[in-house]
>>> print(open('upload_34.txt').read())   # compact mmCIF, C-alpha atoms
# COMPACT_ATOMS: atom_id res chain seq x y z
CA MET E 1 0.00 0.00 0.00
CA THR E 2 1.43 3.38 -0.93
CA VAL E 3 1.25 6.57 1.11
CA LEU E 4 -1.38 7.92 -1.30
CA ASP E 5 -3.51 4.74 -0.96
CA ARG E 6 -3.70 4.94 2.81
CA GLY E 7 -3.92 8.72 3.05
CA PRO E 8 -1.83 11.03 5.21
CA LEU E 9 -0.84 9.68 8.60
CA THR E 10 -1.89 11.50 11.76
CA VAL E 11 0.79 13.25 13.80
CA SER E 12 0.18 13.60 17.54
CA VAL E 13 1.80 16.64 19.13
CA ILE E 14 2.14 16.19 22.88
CA ILE E 15 2.71 19.30 24.99
CA PRO E 16 3.24 19.15 28.77
CA CYS E 17 2.37 22.47 30.40
CA HIS E 18 3.17 23.78 33.86
CA ASN E 19 2.74 27.49 34.61
CA ALA E 20 3.47 28.55 31.03
CA GLU E 21 0.67 31.06 30.47
CA ARG E 22 3.10 33.47 28.82
CA TRP E 23 4.30 30.97 26.20
CA ILE E 24 1.77 28.18 25.74
CA GLY E 25 -0.27 30.08 23.16
CA GLU E 26 2.75 30.45 20.89
CA ALA E 27 3.51 26.74 21.21
CA VAL E 28 -0.06 25.73 20.33
CA ASP E 29 -0.28 28.25 17.48
CA SER E 30 2.92 26.88 15.98
CA CYS E 31 1.22 23.47 15.76
CA LEU E 32 -2.01 24.84 14.32
CA ASN E 33 0.04 26.68 11.69
CA GLN E 34 1.80 23.57 10.40
CA THR E 35 1.52 22.97 6.66
CA TYR E 36 0.98 19.25 7.32
CA HIS E 37 -2.37 17.69 8.21
CA PRO E 38 -3.86 15.81 10.00
CA ILE E 39 -2.40 16.83 13.35
CA GLU E 40 -3.91 16.28 16.79
CA ILE E 41 -2.64 18.51 19.60
CA LEU E 42 -2.74 17.05 23.09
CA VAL E 43 -1.88 19.41 25.93
CA VAL E 44 -1.47 17.90 29.38
CA ASP E 45 -1.58 20.57 32.07
CA ASP E 46 0.66 19.49 34.92
CA GLY E 47 -1.00 21.24 37.84
CA SER E 48 -0.57 24.83 36.67
CA THR E 49 -1.41 27.52 39.22
CA ASP E 50 -1.24 30.45 36.78
CA ALA E 51 -3.60 31.28 33.89
CA SER E 52 -2.35 28.47 31.62
CA LEU E 53 -5.67 26.62 31.71
CA GLU E 54 -7.59 29.76 30.76
CA VAL E 55 -5.36 30.26 27.74
CA LEU E 56 -5.71 26.62 26.73
CA ARG E 57 -9.50 26.52 27.13
CA SER E 58 -9.76 29.43 24.72
CA TYR E 59 -8.71 27.05 21.90
CA GLY E 60 -11.89 24.99 22.32
CA THR E 61 -11.97 21.91 20.12
CA GLU E 62 -8.77 22.85 18.27
CA ILE E 63 -6.82 21.01 20.95
CA GLN E 64 -7.37 18.11 23.33
CA LEU E 65 -6.84 19.38 26.88
CA TYR E 66 -6.20 17.23 29.92
CA SER E 67 -5.33 18.47 33.39
CA GLY E 68 -4.16 16.91 36.61
CA SER E 69 -1.94 17.40 39.62
CA ASN E 70 1.75 18.35 39.34
CA CYS E 71 3.55 15.06 38.62
CA GLY E 72 6.34 16.31 36.37
CA GLY E 73 6.89 16.79 32.66
CA SER E 74 7.76 13.17 31.92
CA HIS E 75 4.52 11.95 33.51
CA ALA E 76 2.58 14.48 31.44
CA ARG E 77 4.31 13.34 28.24
CA ASN E 78 3.55 9.70 29.01
CA GLN E 79 -0.07 10.55 29.74
CA GLY E 80 -0.34 12.48 26.49
CA PHE E 81 1.18 9.61 24.54
CA ALA E 82 -1.26 7.10 26.11
CA LEU E 83 -4.18 9.29 25.00
CA SER E 84 -2.84 9.95 21.51
CA ARG E 85 -3.71 8.04 18.34
CA GLY E 86 -1.18 9.34 15.81
CA GLU E 87 1.19 7.15 13.82
CA TYR E 88 3.87 9.82 14.32
CA ILE E 89 4.74 11.49 17.62
CA GLN E 90 6.03 15.03 18.18
CA PHE E 91 6.95 16.10 21.72
CA LEU E 92 7.00 19.87 22.29
CA ASP E 93 7.62 21.77 25.52
CA ALA E 94 5.16 24.53 26.39
CA ASP E 95 7.72 27.33 26.04
CA ASP E 96 9.16 26.21 22.68
CA TYR E 97 7.67 26.34 19.19
CA LEU E 98 7.93 24.92 15.67
CA LEU E 99 8.19 26.63 12.30
CA PRO E 100 5.32 25.85 9.87
CA LYS E 101 7.08 23.29 7.62
CA LYS E 102 8.73 21.28 10.42
CA ILE E 103 6.35 18.37 10.70
CA GLY E 104 5.59 18.08 6.98
CA ARG E 105 9.27 17.89 6.04
CA GLN E 106 9.98 15.25 8.66
CA VAL E 107 6.97 13.08 7.85
CA ALA E 108 8.05 13.08 4.20
CA PHE E 109 11.60 12.19 5.24
CA LEU E 110 10.50 9.23 7.36
CA GLU E 111 8.17 7.99 4.63
CA GLN E 112 10.87 8.23 1.98
CA THR E 113 13.70 6.69 4.01
CA GLY E 114 11.83 4.19 6.16
CA ALA E 115 13.72 5.45 9.22
CA ASP E 116 12.13 5.29 12.68
CA VAL E 117 13.23 8.68 14.03
CA VAL E 118 14.39 11.91 12.42
CA TYR E 119 16.06 14.87 14.12
CA GLY E 120 17.11 18.27 12.81
CA ASP E 121 18.65 21.59 13.73
CA TRP E 122 17.36 24.26 16.12
CA ARG E 123 18.03 27.72 17.49
CA HIS E 124 17.54 29.61 20.73
CA ARG E 125 15.07 32.41 21.22
CA PHE E 126 16.42 34.63 23.97
CA GLU E 127 14.00 36.31 26.36
CA ASN E 128 16.22 39.12 27.58
CA ALA E 129 16.04 40.80 30.98
CA ASP E 130 15.13 44.13 29.36
CA GLY E 131 12.01 42.59 27.77
CA THR E 132 13.44 42.26 24.25
CA ARG E 133 13.48 39.00 22.30
CA THR E 134 16.22 37.88 19.94
CA LEU E 135 17.00 34.77 17.94
CA GLY E 136 20.35 33.06 18.30
CA GLU E 137 22.34 31.46 15.52
CA GLU E 138 21.26 28.07 14.21
CA SER E 139 22.60 25.11 16.19
CA ILE E 140 23.54 22.45 13.64
CA ALA E 141 22.94 19.00 15.12
CA GLY E 142 24.76 17.28 12.27
CA LYS E 143 24.85 13.69 11.09
CA GLN E 144 26.23 11.30 13.72
CA ALA E 145 27.86 8.03 12.68
CA ASP E 146 26.53 6.44 15.88
CA VAL E 147 23.81 8.47 17.61
CA LEU E 148 24.09 6.50 20.86
CA GLU E 149 27.84 7.01 21.02
CA ALA E 150 27.37 10.73 20.37
CA LEU E 151 24.73 11.05 23.10
CA LEU E 152 26.87 9.18 25.62
CA SER E 153 29.81 11.46 24.88
CA GLY E 154 27.82 14.64 25.49
CA TRP E 155 26.35 15.53 22.08
CA TRP E 156 22.77 16.74 22.21
CA THR E 157 19.98 18.09 20.08
CA ALA E 158 16.85 19.82 21.32
CA ASN E 159 13.96 17.47 22.04
CA MET E 160 11.45 19.20 19.76
CA THR E 161 13.64 18.57 16.70
CA LEU E 162 12.69 14.88 16.84
CA LEU E 163 9.78 13.20 15.08
CA LEU E 164 9.22 9.54 15.99
CA ARG E 165 7.16 6.64 14.73
CA ARG E 166 4.65 5.57 17.35
CA GLN E 167 6.09 2.06 17.72
CA VAL E 168 9.45 3.51 18.76
CA VAL E 169 7.93 5.20 21.81
CA ASP E 170 6.00 2.01 22.60
CA ARG E 171 9.13 -0.12 22.30
CA CYS E 172 11.33 2.07 24.50
CA GLY E 173 8.70 2.48 27.21
CA GLY E 174 8.25 6.23 26.97
CA TRP E 175 9.78 8.75 29.35
CA ASP E 176 11.45 7.71 32.61
CA GLU E 177 9.47 9.54 35.30
CA SER E 178 12.22 9.00 37.89
CA ILE E 179 14.61 11.25 35.95
CA ARG E 180 14.14 14.84 37.08
CA VAL E 181 16.90 16.61 35.12
CA GLY E 182 17.98 15.97 31.55
CA GLN E 183 14.86 13.96 30.70
CA ASP E 184 15.24 14.71 27.01
CA ARG E 185 18.79 13.34 26.91
CA ASP E 186 17.71 10.22 28.79
CA PHE E 187 14.75 9.70 26.45
CA PHE E 188 16.90 10.01 23.33
CA VAL E 189 19.48 7.60 24.82
CA THR E 190 16.68 5.11 25.53
CA VAL E 191 15.32 5.49 22.00
CA SER E 192 18.78 4.91 20.53
CA MET E 193 19.33 1.83 22.72
CA SER E 194 16.04 0.36 21.53
CA GLY E 195 17.53 -0.29 18.10
CA ALA E 196 15.60 2.49 16.35
CA ASP E 197 16.90 3.69 13.00
CA VAL E 198 17.67 7.34 13.83
CA ARG E 199 18.64 9.73 11.02
CA TYR E 200 19.48 13.38 10.56
CA GLN E 201 17.65 15.77 8.23
CA PRO E 202 19.36 19.17 7.85
CA GLY E 203 17.26 22.25 8.40
CA CYS E 204 16.34 24.53 11.30
CA TYR E 205 12.60 24.38 12.04
CA SER E 206 12.55 24.26 15.86
CA VAL E 207 12.97 27.09 18.35
CA TYR E 208 14.11 26.54 21.94
CA ARG E 209 13.32 29.39 24.31
CA ARG E 210 16.07 30.53 26.65
CA TYR E 211 15.74 33.04 29.47
CA GLY E 212 18.70 35.40 29.40
CA ASP E 213 21.77 33.25 30.10
CA VAL E 214 19.94 30.61 32.17
CA THR E 215 17.84 27.58 31.21
CA LEU E 216 15.97 25.22 33.50
CA SER E 217 18.70 22.59 33.16
CA THR E 218 21.50 24.96 34.20
CA SER E 219 19.81 27.07 36.89
CA SER E 220 21.22 24.74 39.53
CA ARG E 221 24.60 23.35 38.56
CA GLN E 222 24.67 20.68 41.25
CA VAL E 223 21.21 19.38 40.38
CA TRP E 224 22.19 19.32 36.71
CA LEU E 225 25.42 17.44 37.44
CA GLU E 226 23.71 14.90 39.70
CA GLY E 227 20.93 14.36 37.16
CA ASN E 228 23.30 13.72 34.29
CA GLU E 229 25.37 11.35 36.41
CA CYS E 230 22.19 9.33 37.03
CA ILE E 231 21.53 9.22 33.28
CA LEU E 232 25.04 7.89 32.60
CA GLU E 233 24.77 5.31 35.37
CA LYS E 234 21.45 4.10 33.98
CA ALA E 235 22.88 3.86 30.46
CA GLU E 236 25.89 1.94 31.71
CA ARG E 237 23.69 -0.58 33.52
CA GLN E 238 21.61 -1.11 30.39
CA LEU E 239 24.67 -1.53 28.17
CA VAL E 240 26.21 -4.04 30.59
CA ALA E 241 22.94 -6.01 30.78
CA ALA E 242 22.77 -6.10 26.97
CA GLY E 243 26.43 -7.03 26.61
CA LYS E 244 27.04 -3.87 24.57
CA LEU E 245 29.46 -1.87 26.73
CA THR E 246 32.09 -1.86 24.00
CA PRO E 247 35.37 0.15 24.15
CA ARG E 248 33.75 2.74 21.89
CA TYR E 249 30.90 3.32 24.33
CA ARG E 250 33.30 3.19 27.29
CA ARG E 251 35.31 6.01 25.75
CA ALA E 252 32.17 8.04 25.03
CA MET E 253 30.93 7.69 28.60
CA ALA E 254 34.39 8.46 29.97
CA LYS E 255 34.27 11.76 28.09
CA SER E 256 30.94 12.66 29.72
CA TYR E 257 32.11 11.65 33.20
CA PHE E 258 35.21 13.77 32.69
CA HIS E 259 33.14 16.85 31.90
CA LEU E 260 30.91 16.19 34.89
CA ALA E 261 34.03 15.93 37.06
CA ARG E 262 35.23 19.30 35.79
CA GLY E 263 31.85 20.78 36.64
CA TYR E 264 32.35 19.68 40.23
CA TYR E 265 35.87 21.13 40.56
CA ASP E 266 34.92 24.23 42.56
CA LEU E 267 31.70 22.74 43.92
CA ASP E 268 32.55 19.38 45.51
CA PRO E 269 36.18 18.14 45.57
CA VAL E 270 35.10 14.64 46.60
CA ALA E 271 32.71 14.31 43.67
CA TYR E 272 35.39 15.78 41.37
CA LYS E 273 37.85 13.04 42.30
CA ARG E 274 35.21 10.31 42.24
CA LEU E 275 34.15 11.15 38.71
CA LEU E 276 37.73 11.46 37.50
CA ASP E 277 38.32 7.97 38.91
CA LYS E 278 35.20 6.78 37.09
CA THR E 279 36.50 8.28 33.86
CA LEU E 280 39.75 6.32 34.08
CA GLU E 281 37.98 3.17 35.26
CA LEU E 282 35.85 3.17 32.12
CA PHE E 283 38.69 4.09 29.79
CA PRO E 284 42.18 3.92 31.38
CA SER E 285 43.89 5.52 28.37
CA PHE E 286 41.55 8.54 28.40
CA ARG E 287 43.15 11.77 27.20
CA PRO E 288 41.47 15.18 27.50
CA ASP E 289 40.62 17.06 24.34
CA GLU E 290 40.25 20.57 25.73
CA SER E 291 42.12 23.82 25.05
CA TRP E 292 45.81 23.64 24.22
CA LEU E 293 46.56 25.21 27.62
CA TYR E 294 44.53 22.63 29.53
CA ASN E 295 45.97 19.74 27.54
CA ALA E 296 49.53 20.99 28.08
CA ALA E 297 48.97 21.43 31.83
CA TRP E 298 47.46 17.93 32.04
CA TRP E 299 50.38 16.40 30.13
CA LEU E 300 52.92 18.10 32.41
CA SER E 301 51.21 17.85 35.80
CA GLY E 302 47.92 15.93 35.64
CA PHE E 303 44.24 16.71 35.92
CA ALA E 304 44.29 18.57 39.26
CA VAL E 305 46.79 21.19 38.10
CA ALA E 306 45.09 21.58 34.73
CA ASP E 307 41.72 22.17 36.39
CA LYS E 308 43.21 24.60 38.91
CA LEU E 309 44.61 26.69 36.06
CA ALA E 310 41.29 26.48 34.21
CA HIS E 311 39.48 27.62 37.37
CA ILE E 312 41.75 30.67 37.66
CA LYS E 313 41.23 31.47 33.97
CA ARG E 314 37.42 31.30 34.33
CA GLY E 315 37.58 33.67 37.29
CA VAL E 316 39.57 36.21 35.29
CA ILE E 317 37.12 35.95 32.37
CA ARG E 318 34.15 36.47 34.68
CA ARG E 319 35.69 39.61 36.13
CA ILE E 320 36.34 40.97 32.65
CA ARG E 321 32.77 40.25 31.58
CA ARG E 322 31.45 42.18 34.57
CA SER E 323 33.21 45.26 33.25
CA PRO E 324 30.63 47.93 32.23
CA ASP E 325 32.30 48.49 28.84
CA VAL E 326 32.20 44.78 28.00
CA HIS E 327 28.56 44.56 29.08
CA LYS E 328 27.60 47.41 26.73
CA THR E 329 29.40 45.73 23.82
CA GLN E 330 27.65 42.40 24.46
CA SER E 331 24.27 44.16 24.63
CA ARG E 332 24.87 45.80 21.26
CA GLN E 333 25.92 42.46 19.74
CA ARG E 334 22.80 40.73 21.10
CA ALA E 335 20.58 43.44 19.65
CA GLU E 336 22.03 42.85 16.18
CA ILE E 337 20.81 39.22 16.07
CA PRO E 338 17.85 38.99 13.61
CA ARG E 339 14.41 38.75 15.17
CA HIS E 340 11.91 36.04 14.30
CA GLY E 341 10.38 36.81 10.92
CA GLN E 342 13.44 38.59 9.51
CA THR E 343 14.93 35.36 8.24
CA SER E 344 13.34 32.25 6.77
CA SER E 345 14.16 28.58 6.32
CA ASP E 346 13.10 26.30 3.51
>>> encode(input="upload_34.txt", output="structure tokens")
Amino acid sequence: MTVLDRGPLTVSVIIPCHNAERWIGEAVDSCLNQTYHPIEILVVDDGSTDASLEVLRSYGTEIQLYSGSNCGGSHARNQGFALSRGEYIQFLDADDYLLPKKIGRQVAFLEQTGADVVYGDWRHRFENADGTRTLGEESIAGKQADVLEALLSGWWTANMTLLLRRQVVDRCGGWDESIRVGQDRDFFVTVSMSGADVRYQPGCYSVYRRYGDVTLSTSSRQVWLEGNECILEKAERQLVAAGKLTPRYRRAMAKSYFHLARGYYDLDPVAYKRLLDKTLELFPSFRPDESWLYNAAWWLSGFAVADKLAHIKRGVIRRIRRSPDVHKTQSRQRAEIPRHGQTSSD
């Protein structure tokens, strides 16, 4: 049976929402404005205490709205998936949005290639402290020879760039509700481990909102570090159980543990050493691939000295950036970034 014989396949867009009254309308509108049809939009309100539900109810029958108590974004995504009926699944956070051709291009790609999952490029939309909004440069996800290896080593692409066949989400068991930070990375790792055929389609059709210089995943460095360590530990257990913890994956995970260790340097010396030890346990011949200065310091004196020098360098850079003259220059540069609507993608 050809695509024309069976008709266009339904895409289910699943949006978890928690206190996103300021953004949720833009997210929903970006789905309604897609060039592809049919699309069903399922919004699961996760115990919002602001006016999110009022905004969502204004859409009437254009969306399917479900509400419940605050159980977390992953629970809301799983609930939305259970209620959906589409052959293709698009997850979208309430403060992000899609460009009109995103879903149509990706459905066509999956139909033409037979792949299970497609991902693409994305860009930030900055919500600046002075009330202005600016678009960042495109983040090119790029083709990865082994998506799982790339994810384990620290590569990432924004969650909304993915479009998945329904059976992939069924097979991998959906979103892990015990993961509180980095859920999107964990989900993509799980999808990749399930044996899904994951492919890259160039093109920037997804926009990831960022608030000044802080996102939810980086607002608390310790929480972020602990969360990503849990994701790596889970992945390692699964690879061991499947007999797939190959040297290639060991090296990839060692790279991620190394960067987590560096994040702990001025936060928790015990955790810093523990994660460095884990890095070398996974891949004893691990060599850093950082700046020439860091690599030279490591080669001469080891990790501790290299990270001490890097810590001093970061402190100097922070002091320079706090300079009023530098701040004015950065503000002017940010203002020169094109706003949404001034550029187009095809």
>>> residues_around(input="upload_34.txt", residues="Asn70 (chain E)", least_positions_apart="4", cutoff="8 Å", atoms="all atoms listed in the file", output="ChimeraX atom specification")
/E:18,46-48
>>> residues_near_point(input="upload_34.txt", point="(7.4, 6.6, 26.6)", cutoff="10 Å", atoms="all atoms listed in the file", output="number ranges by chain")
E: 74-75, 77-82, 166, 168-177, 187, 190-191
>>> atom_distance(input="upload_34.txt", atom1="CA of Asp45 (chain E)", atom2="CA of Glu21 (chain E)")
10.8 Å
>>> closest_residue(input="upload_34.txt", among="E:Arg123, E:Gln201, E:Ala306, E:Arg185", to="Ala150 (chain E)", atoms="all atoms listed in the file")
E:Arg185
>>> axis_aligned_box(input="upload_34.txt", around="region 28-44 of chain E", padding_each_side="6 Å", output="AutoDock Vina command-line options")
--center_x -0.5 --center_y 22.0 --center_z 18.0 --size_x 18.8 --size_y 24.4 --size_z 34.7
>>> atom_distance(input="upload_34.txt", atom1="CA of Tyr119 (chain E)", atom2="CA of Arg199 (chain E)")
6.5 Å
>>> decode(input="upload_34.txt", residues="region 122-161 of chain E", atoms="N, CA and C atoms", output="PDB file, in the first residue's frame")
ATOM      1  N   TRP E 122      18.198  23.418  15.267  1.00  0.00           N
ATOM      2  CA  TRP E 122      17.357  24.261  16.116  1.00  0.00           C
ATOM      3  C   TRP E 122      18.098  25.550  16.425  1.00  0.00           C
ATOM      4  N   ARG E 123      17.389  26.477  17.055  1.00  0.00           N
ATOM      5  CA  ARG E 123      18.025  27.719  17.487  1.00  0.00           C
ATOM      6  C   ARG E 123      17.359  28.209  18.756  1.00  0.00           C
ATOM      7  N   HIS E 124      18.098  29.013  19.519  1.00  0.00           N
ATOM      8  CA  HIS E 124      17.542  29.615  20.728  1.00  0.00           C
ATOM      9  C   HIS E 124      16.737  30.863  20.396  1.00  0.00           C
ATOM     10  N   ARG E 125      15.728  31.101  21.187  1.00  0.00           N
ATOM     11  CA  ARG E 125      15.071  32.406  21.221  1.00  0.00           C
ATOM     12  C   ARG E 125      15.318  32.965  22.616  1.00  0.00           C
ATOM     13  N   PHE E 126      16.050  34.050  22.684  1.00  0.00           N
ATOM     14  CA  PHE E 126      16.418  34.630  23.970  1.00  0.00           C
ATOM     15  C   PHE E 126      15.339  35.598  24.446  1.00  0.00           C
ATOM     16  N   GLU E 127      14.902  35.383  25.676  1.00  0.00           N
ATOM     17  CA  GLU E 127      14.003  36.314  26.355  1.00  0.00           C
ATOM     18  C   GLU E 127      14.882  37.134  27.293  1.00  0.00           C
ATOM     19  N   ASN E 128      15.235  38.324  26.866  1.00  0.00           N
ATOM     20  CA  ASN E 128      16.221  39.120  27.581  1.00  0.00           C
ATOM     21  C   ASN E 128      15.625  39.838  28.783  1.00  0.00           C
ATOM     22  N   ALA E 129      16.487  40.172  29.732  1.00  0.00           N
ATOM     23  CA  ALA E 129      16.044  40.796  30.977  1.00  0.00           C
ATOM     24  C   ALA E 129      15.369  42.139  30.732  1.00  0.00           C
ATOM     25  N   ASP E 130      15.725  42.815  29.639  1.00  0.00           N
ATOM     26  CA  ASP E 130      15.125  44.129  29.362  1.00  0.00           C
ATOM     27  C   ASP E 130      13.804  44.024  28.604  1.00  0.00           C
ATOM     28  N   GLY E 131      13.303  42.788  28.427  1.00  0.00           N
ATOM     29  CA  GLY E 131      12.014  42.594  27.766  1.00  0.00           C
ATOM     30  C   GLY E 131      12.102  42.364  26.273  1.00  0.00           C
ATOM     31  N   THR E 132      13.280  42.499  25.692  1.00  0.00           N
ATOM     32  CA  THR E 132      13.443  42.264  24.255  1.00  0.00           C
ATOM     33  C   THR E 132      13.590  40.769  23.987  1.00  0.00           C
ATOM     34  N   ARG E 133      13.342  40.385  22.738  1.00  0.00           N
ATOM     35  CA  ARG E 133      13.480  38.997  22.303  1.00  0.00           C
ATOM     36  C   ARG E 133      14.400  38.954  21.093  1.00  0.00           C
ATOM     37  N   THR E 134      15.306  38.017  21.071  1.00  0.00           N
ATOM     38  CA  THR E 134      16.218  37.885  19.940  1.00  0.00           C
ATOM     39  C   THR E 134      16.433  36.416  19.625  1.00  0.00           C
ATOM     40  N   LEU E 135      16.700  36.131  18.367  1.00  0.00           N
ATOM     41  CA  LEU E 135      17.000  34.767  17.941  1.00  0.00           C
ATOM     42  C   LEU E 135      18.498  34.554  17.878  1.00  0.00           C
ATOM     43  N   GLY E 136      18.947  33.419  18.392  1.00  0.00           N
ATOM     44  CA  GLY E 136      20.353  33.062  18.302  1.00  0.00           C
ATOM     45  C   GLY E 136      20.661  32.429  16.962  1.00  0.00           C
ATOM     46  N   GLU E 137      21.931  32.127  16.749  1.00  0.00           N
ATOM     47  CA  GLU E 137      22.336  31.460  15.519  1.00  0.00           C
ATOM     48  C   GLU E 137      21.826  30.020  15.505  1.00  0.00           C
ATOM     49  N   GLU E 138      21.711  29.456  14.324  1.00  0.00           N
ATOM     50  CA  GLU E 138      21.263  28.070  14.212  1.00  0.00           C
ATOM     51  C   GLU E 138      22.280  27.131  14.857  1.00  0.00           C
ATOM     52  N   SER E 139      21.768  26.168  15.613  1.00  0.00           N
ATOM     53  CA  SER E 139      22.604  25.111  16.188  1.00  0.00           C
ATOM     54  C   SER E 139      22.479  23.893  15.277  1.00  0.00           C
ATOM     55  N   ILE E 140      23.563  23.548  14.612  1.00  0.00           N
ATOM     56  CA  ILE E 140      23.544  22.455  13.644  1.00  0.00           C
ATOM     57  C   ILE E 140      23.805  21.139  14.364  1.00  0.00           C
ATOM     58  N   ALA E 141      22.794  20.289  14.419  1.00  0.00           N
ATOM     59  CA  ALA E 141      22.939  19.004  15.116  1.00  0.00           C
ATOM     60  C   ALA E 141      23.912  18.086  14.383  1.00  0.00           C
ATOM     61  N   GLY E 142      23.819  18.050  13.076  1.00  0.00           N
ATOM     62  CA  GLY E 142      24.762  17.284  12.271  1.00  0.00           C
ATOM     63  C   GLY E 142      24.492  15.783  12.256  1.00  0.00           C
ATOM     64  N   LYS E 143      24.977  15.137  11.223  1.00  0.00           N
ATOM     65  CA  LYS E 143      24.845  13.688  11.093  1.00  0.00           C
ATOM     66  C   LYS E 143      25.849  12.999  12.005  1.00  0.00           C
ATOM     67  N   GLN E 144      25.379  12.045  12.790  1.00  0.00           N
ATOM     68  CA  GLN E 144      26.232  11.300  13.720  1.00  0.00           C
ATOM     69  C   GLN E 144      26.382   9.864  13.228  1.00  0.00           C
ATOM     70  N   ALA E 145      27.620   9.403  13.148  1.00  0.00           N
ATOM     71  CA  ALA E 145      27.863   8.034  12.684  1.00  0.00           C
ATOM     72  C   ALA E 145      27.181   7.026  13.597  1.00  0.00           C
ATOM     73  N   ASP E 146      27.187   7.282  14.889  1.00  0.00           N
ATOM     74  CA  ASP E 146      26.526   6.435  15.880  1.00  0.00           C
ATOM     75  C   ASP E 146      25.858   7.375  16.872  1.00  0.00           C
ATOM     76  N   VAL E 147      24.536   7.503  16.780  1.00  0.00           N
ATOM     77  CA  VAL E 147      23.814   8.466  17.610  1.00  0.00           C
ATOM     78  C   VAL E 147      23.968   8.146  19.092  1.00  0.00           C
ATOM     79  N   LEU E 148      23.940   6.864  19.462  1.00  0.00           N
ATOM     80  CA  LEU E 148      24.088   6.503  20.863  1.00  0.00           C
ATOM     81  C   LEU E 148      25.464   6.900  21.385  1.00  0.00           C
ATOM     82  N   GLU E 149      26.490   6.618  20.614  1.00  0.00           N
ATOM     83  CA  GLU E 149      27.843   7.010  21.025  1.00  0.00           C
ATOM     84  C   GLU E 149      27.932   8.522  21.209  1.00  0.00           C
ATOM     85  N   ALA E 150      27.337   9.264  20.284  1.00  0.00           N
ATOM     86  CA  ALA E 150      27.366  10.726  20.372  1.00  0.00           C
ATOM     87  C   ALA E 150      26.648  11.212  21.631  1.00  0.00           C
ATOM     88  N   LEU E 151      25.480  10.645  21.911  1.00  0.00           N
ATOM     89  CA  LEU E 151      24.730  11.047  23.097  1.00  0.00           C
ATOM     90  C   LEU E 151      25.493  10.723  24.376  1.00  0.00           C
ATOM     91  N   LEU E 152      26.121   9.571  24.435  1.00  0.00           N
ATOM     92  CA  LEU E 152      26.873   9.177  25.621  1.00  0.00           C
ATOM     93  C   LEU E 152      28.085  10.070  25.834  1.00  0.00           C
ATOM     94  N   SER E 153      28.619  10.633  24.760  1.00  0.00           N
ATOM     95  CA  SER E 153      29.815  11.462  24.885  1.00  0.00           C
ATOM     96  C   SER E 153      29.486  12.928  25.177  1.00  0.00           C
ATOM     97  N   GLY E 154      28.209  13.281  25.149  1.00  0.00           N
ATOM     98  CA  GLY E 154      27.818  14.640  25.491  1.00  0.00           C
ATOM     99  C   GLY E 154      27.153  15.417  24.377  1.00  0.00           C
ATOM    100  N   TRP E 155      27.079  14.865  23.166  1.00  0.00           N
ATOM    101  CA  TRP E 155      26.354  15.527  22.080  1.00  0.00           C
ATOM    102  C   TRP E 155      24.866  15.579  22.420  1.00  0.00           C
ATOM    103  N   TRP E 156      24.194  16.555  21.866  1.00  0.00           N
ATOM    104  CA  TRP E 156      22.774  16.744  22.208  1.00  0.00           C
ATOM    105  C   TRP E 156      22.084  17.501  21.098  1.00  0.00           C
ATOM    106  N   THR E 157      20.810  17.235  20.919  1.00  0.00           N
ATOM    107  CA  THR E 157      19.976  18.091  20.076  1.00  0.00           C
ATOM    108  C   THR E 157      18.669  18.323  20.812  1.00  0.00           C
ATOM    109  N   ALA E 158      18.067  19.469  20.588  1.00  0.00           N
ATOM    110  CA  ALA E 158      16.852  19.822  21.318  1.00  0.00           C
ATOM    111  C   ALA E 158      15.736  18.816  21.049  1.00  0.00           C
ATOM    112  N   ASN E 159      14.986  18.512  22.091  1.00  0.00           N
ATOM    113  CA  ASN E 159      13.962  17.470  22.035  1.00  0.00           C
ATOM    114  C   ASN E 159      12.930  17.695  20.937  1.00  0.00           C
ATOM    115  N   MET E 160      12.525  18.965  20.725  1.00  0.00           N
ATOM    116  CA  MET E 160      11.452  19.201  19.762  1.00  0.00           C
ATOM    117  C   MET E 160      11.890  18.999  18.316  1.00  0.00           C
ATOM    118  N   THR E 161      13.191  18.817  18.067  1.00  0.00           N
ATOM    119  CA  THR E 161      13.640  18.570  16.696  1.00  0.00           C
ATOM    120  C   THR E 161      13.308  17.159  16.245  1.00  0.00           C
TER     121      THR E 161
END
